[in-house]
Amino acid sequence: MRALDRVLVAAAVAISPAAHRAVRREQWVADVQGAPELDLSPTALAFGAFTTALFHRRADRRTTWGTTMTAAPLDVRPEPHRVRTVPVLVAVAVVSLVASGVWLLLQTNSGSWTERVVGTLVGEALVHVVPGVAVALAILVLQASTPRRWIGASTVLAATVVMVLLPSLSSVVPVPFEFSLLLTLLPLVGWFVATRTPWPAWTFAALPMVLVQAEHTGALWTLLPAQWNPILFGVPYLSLVVAGFVASRFSTDRPRRFVAPEGALVDKSA
């Protein structure tokens, strides 16, 4: 069991009612450890355990996350845990990008050196770090093959790290616009790989490409008065989320319908 999965399960057990902790610990650990044998995401089940403990604490209420471990017909997908993890994580990325515009708008150059540094770091976190980590975690809990999940998540995280370091690197070595464009699109490529988005749907990447080009030429900044321009800083990255969401609607991994198989491995009394 990976460290992230172990932490999630431990947190889920810790916030569970005391009477159910022993049973939940035994079953959740077993299910997460056995997930790879069924080609399921251990992280998705670990997140499901956490949402079960967090949102359904009463004995007569439970999520259906455990049913994902039950065999189902090949042409259908099991019903996922009731609190959808992927949409929540994507929503975190969107909220962070929107908040980055507001944060940058509130920054001034009249503060102390410490205040300006803190303002810059928080802005970088809202624009790059939080959305990047949220999308990478969303990829890890997708119902996709393990290699695709890890390739997609690693691609997003690698692009996030380089984006954070790029301002410092560009002050030493000139960075061509083509590299910046490729770097911006890299998280979208990781998402497409993980969701098995068909090649024709990759054309949705044209939206962020147009916006990045508009930012580079200055055309984007003419949309609002100069004092409101900081709000537009996260728009190209927000377009990545929109393009990924729309394109993944055509994914070959999208379920045709959901079923709730019988015989879930989670103790229903917990």
# chains A, B, ... in the order shown; residues from 1 in each chain; ligands from 1
>>> select_by_dssp(residues="range 91-204 of chain A", states="helix (DSSP H, G or I)", output="ChimeraX atom specification")
/A:91-106,113-140,146-170,177-195,199-204
>>> atom_distance(atom1="CA of Ala12 in chain A", atom2="CA of Leu140 in chain A")
18.2 Å
>>> atom_distance(atom1="CA of Val94 in chain A", atom2="CA of Ala205 in chain A")
17.3 Å
>>> residues_around(residues="Thr43 in chain A", least_positions_apart="3", cutoff="6 Å", atoms="only C-alpha atoms", output="VMD selection string")
chain A and resid 5 46 141
>>> closest_atom_pairs(of="range 87-153 of chain A", to="range 181-195 of chain A", cutoff="10 Å", atoms="only C-alpha atoms", output="tab-separated table")
residue	atom	partner	partner_atom	distance
A:Gly132	CA	A:Pro187	CA	7.9
A:Val135	CA	A:Trp191	CA	8.2
A:Ala136	CA	A:Trp191	CA	8.5
A:Ala138	CA	A:Trp191	CA	9.3
A:Ile139	CA	A:Ala194	CA	6.6
A:Leu140	CA	A:Ala194	CA	8.7
A:Leu142	CA	A:Thr195	CA	7.7
A:Gln143	CA	A:Thr195	CA	8.5
A:Ala144	CA	A:Ala194	CA	6.7
A:Ser145	CA	A:Ala194	CA	8.0
A:Thr146	CA	A:Ala194	CA	9.1
A:Pro147	CA	A:Ala194	CA	8.4
A:Arg148	CA	A:Ala194	CA	4.7
A:Arg149	CA	A:Ala194	CA	5.2
A:Trp150	CA	A:Ala194	CA	8.0
A:Ile151	CA	A:Gly190	CA	6.9
A:Gly152	CA	A:Gly190	CA	3.9
A:Ala153	CA	A:Gly190	CA	6.6
>>> atom_distance(atom1="CA of Val133 in chain A", atom2="CA of Thr155 in chain A")
11.2 Å
>>> residues_around(residues="Val95 in chain A", least_positions_apart="3", cutoff="10 Å", atoms="only C-alpha atoms", output="PyMOL selection string")
chain A and resi 89-92+98-100+126+130-131+238
>>> closest_residue(among="A:Ser41, A:Ser251, A:Ser16, A:Gln107", to="Ile231 in chain A", atoms="only C-alpha atoms")
A:Gln107
>>> residues_around(residues="Ala10 in chain A", least_positions_apart="5", cutoff="12 Å", atoms="only C-alpha atoms", output="list of chain:residue names")
A:Met1, A:Ala3, A:Leu4, A:Asp5, A:Ile15, A:Ser16, A:Arg21, A:Ala22, A:Arg24, A:Arg25, A:Glu26, A:Trp28, A:Val29, A:Val32, A:Ala46, A:Phe47, A:Ala49, A:Phe50, A:Ala53
>>> closest_residue(among="A:Val129, A:Leu40, A:Leu54, A:Val122", to="Gly101 in chain A", atoms="only C-alpha atoms")
A:Val122
>>> decode(residues="range 12-48 of chain A", atoms="N, CA and C atoms", output="JSON list (two decimals), in the first residue's frame")
[["chain", "number", "residue", "atom", "x", "y", "z"],
["A", 12, "ALA", "N", -9.42, 8.00, 7.48],
["A", 12, "ALA", "CA", -10.82, 7.54, 7.44],
["A", 12, "ALA", "C", -11.19, 6.74, 8.68],
["A", 13, "VAL", "N", -10.28, 5.89, 9.11],
["A", 13, "VAL", "CA", -10.53, 5.10, 10.33],
["A", 13, "VAL", "C", -10.58, 6.01, 11.55],
["A", 14, "ALA", "N", -9.70, 6.99, 11.60],
["A", 14, "ALA", "CA", -9.62, 7.87, 12.76],
["A", 14, "ALA", "C", -10.89, 8.68, 12.96],
["A", 15, "ILE", "N", -11.54, 9.10, 11.87],
["A", 15, "ILE", "CA", -12.75, 9.93, 12.00],
["A", 15, "ILE", "C", -14.02, 9.10, 11.98],
["A", 16, "SER", "N", -13.89, 7.78, 11.92],
["A", 16, "SER", "CA", -15.07, 6.90, 11.97],
["A", 16, "SER", "C", -15.55, 6.77, 13.41],
["A", 17, "PRO", "N", -16.81, 6.43, 13.60],
["A", 17, "PRO", "CA", -17.29, 6.16, 14.95],
["A", 17, "PRO", "C", -16.45, 5.07, 15.62],
["A", 18, "ALA", "N", -16.19, 5.21, 16.89],
["A", 18, "ALA", "CA", -15.29, 4.29, 17.59],
["A", 18, "ALA", "C", -15.74, 2.84, 17.47],
["A", 19, "ALA", "N", -17.05, 2.62, 17.47],
["A", 19, "ALA", "CA", -17.56, 1.24, 17.44],
["A", 19, "ALA", "C", -17.27, 0.54, 16.12],
["A", 20, "HIS", "N", -16.97, 1.30, 15.04],
["A", 20, "HIS", "CA", -16.79, 0.70, 13.72],
["A", 20, "HIS", "C", -15.35, 0.74, 13.24],
["A", 21, "ARG", "N", -14.45, 1.30, 14.03],
["A", 21, "ARG", "CA", -13.08, 1.50, 13.55],
["A", 21, "ARG", "C", -12.37, 0.19, 13.25],
["A", 22, "ALA", "N", -12.47, -0.77, 14.13],
["A", 22, "ALA", "CA", -11.74, -2.03, 13.94],
["A", 22, "ALA", "C", -12.18, -2.73, 12.66],
["A", 23, "VAL", "N", -13.51, -2.80, 12.46],
["A", 23, "VAL", "CA", -14.04, -3.48, 11.27],
["A", 23, "VAL", "C", -13.65, -2.72, 10.02],
["A", 24, "ARG", "N", -13.80, -1.41, 10.06],
["A", 24, "ARG", "CA", -13.48, -0.61, 8.87],
["A", 24, "ARG", "C", -12.00, -0.68, 8.54],
["A", 25, "ARG", "N", -11.15, -0.63, 9.56],
["A", 25, "ARG", "CA", -9.71, -0.70, 9.29],
["A", 25, "ARG", "C", -9.36, -2.00, 8.57],
["A", 26, "GLU", "N", -9.86, -3.11, 9.09],
["A", 26, "GLU", "CA", -9.54, -4.42, 8.51],
["A", 26, "GLU", "C", -10.04, -4.52, 7.07],
["A", 27, "GLN", "N", -11.28, -4.10, 6.82],
["A", 27, "GLN", "CA", -11.85, -4.25, 5.48],
["A", 27, "GLN", "C", -11.28, -3.24, 4.50],
["A", 28, "TRP", "N", -11.10, -2.00, 4.93],
["A", 28, "TRP", "CA", -10.59, -0.99, 4.01],
["A", 28, "TRP", "C", -9.14, -1.30, 3.61],
["A", 29, "VAL", "N", -8.32, -1.70, 4.57],
["A", 29, "VAL", "CA", -6.93, -2.04, 4.24],
["A", 29, "VAL", "C", -6.90, -3.21, 3.26],
["A", 30, "ALA", "N", -7.73, -4.23, 3.51],
["A", 30, "ALA", "CA", -7.76, -5.40, 2.63],
["A", 30, "ALA", "C", -8.22, -5.02, 1.22],
["A", 31, "ASP", "N", -9.25, -4.18, 1.14],
["A", 31, "ASP", "CA", -9.78, -3.80, -0.17],
["A", 31, "ASP", "C", -8.78, -2.96, -0.96],
["A", 32, "VAL", "N", -8.13, -2.02, -0.29],
["A", 32, "VAL", "CA", -7.16, -1.18, -0.98],
["A", 32, "VAL", "C", -5.96, -2.00, -1.43],
["A", 33, "GLN", "N", -5.50, -2.93, -0.59],
["A", 33, "GLN", "CA", -4.37, -3.77, -0.97],
["A", 33, "GLN", "C", -4.72, -4.70, -2.12],
["A", 34, "GLY", "N", -5.99, -5.13, -2.18],
["A", 34, "GLY", "CA", -6.40, -6.05, -3.24],
["A", 34, "GLY", "C", -6.86, -5.38, -4.51],
["A", 35, "ALA", "N", -6.93, -4.05, -4.53],
["A", 35, "ALA", "CA", -7.45, -3.33, -5.70],
["A", 35, "ALA", "C", -6.66, -3.60, -6.98],
["A", 36, "PRO", "N", -5.31, -3.60, -6.95],
["A", 36, "PRO", "CA", -4.56, -3.84, -8.20],
["A", 36, "PRO", "C", -4.88, -5.17, -8.85],
["A", 37, "GLU", "N", -5.24, -6.19, -8.07],
["A", 37, "GLU", "CA", -5.56, -7.49, -8.65],
["A", 37, "GLU", "C", -6.81, -7.42, -9.51],
["A", 38, "LEU", "N", -7.69, -6.45, -9.22],
["A", 38, "LEU", "CA", -8.91, -6.27, -10.01],
["A", 38, "LEU", "C", -8.78, -5.09, -10.97],
["A", 39, "ASP", "N", -7.54, -4.60, -11.17],
["A", 39, "ASP", "CA", -7.27, -3.47, -12.06],
["A", 39, "ASP", "C", -8.07, -2.24, -11.65],
["A", 40, "LEU", "N", -8.17, -2.02, -10.34],
["A", 40, "LEU", "CA", -8.84, -0.83, -9.81],
["A", 40, "LEU", "C", -7.80, 0.08, -9.17],
["A", 41, "SER", "N", -8.17, 1.31, -8.99],
["A", 41, "SER", "CA", -7.26, 2.28, -8.39],
["A", 41, "SER", "C", -7.31, 2.18, -6.87],
["A", 42, "PRO", "N", -6.20, 1.80, -6.22],
["A", 42, "PRO", "CA", -6.19, 1.78, -4.75],
["A", 42, "PRO", "C", -6.46, 3.16, -4.16],
["A", 43, "THR", "N", -5.95, 4.20, -4.82],
["A", 43, "THR", "CA", -6.16, 5.56, -4.32],
["A", 43, "THR", "C", -7.63, 5.94, -4.38],
["A", 44, "ALA", "N", -8.33, 5.50, -5.44],
["A", 44, "ALA", "CA", -9.76, 5.80, -5.55],
["A", 44, "ALA", "C", -10.53, 5.16, -4.40],
["A", 45, "LEU", "N", -10.18, 3.93, -4.05],
["A", 45, "LEU", "CA", -10.86, 3.26, -2.94],
["A", 45, "LEU", "C", -10.49, 3.90, -1.61],
["A", 46, "ALA", "N", -9.23, 4.34, -1.49],
["A", 46, "ALA", "CA", -8.81, 5.02, -0.26],
["A", 46, "ALA", "C", -9.57, 6.33, -0.09],
["A", 47, "PHE", "N", -9.73, 7.09, -1.17],
["A", 47, "PHE", "CA", -10.54, 8.30, -1.12],
["A", 47, "PHE", "C", -11.99, 7.96, -0.79],
["A", 48, "GLY", "N", -12.49, 6.86, -1.36],
["A", 48, "GLY", "CA", -13.86, 6.45, -1.07],
["A", 48, "GLY", "C", -14.05, 6.12, 0.40]]
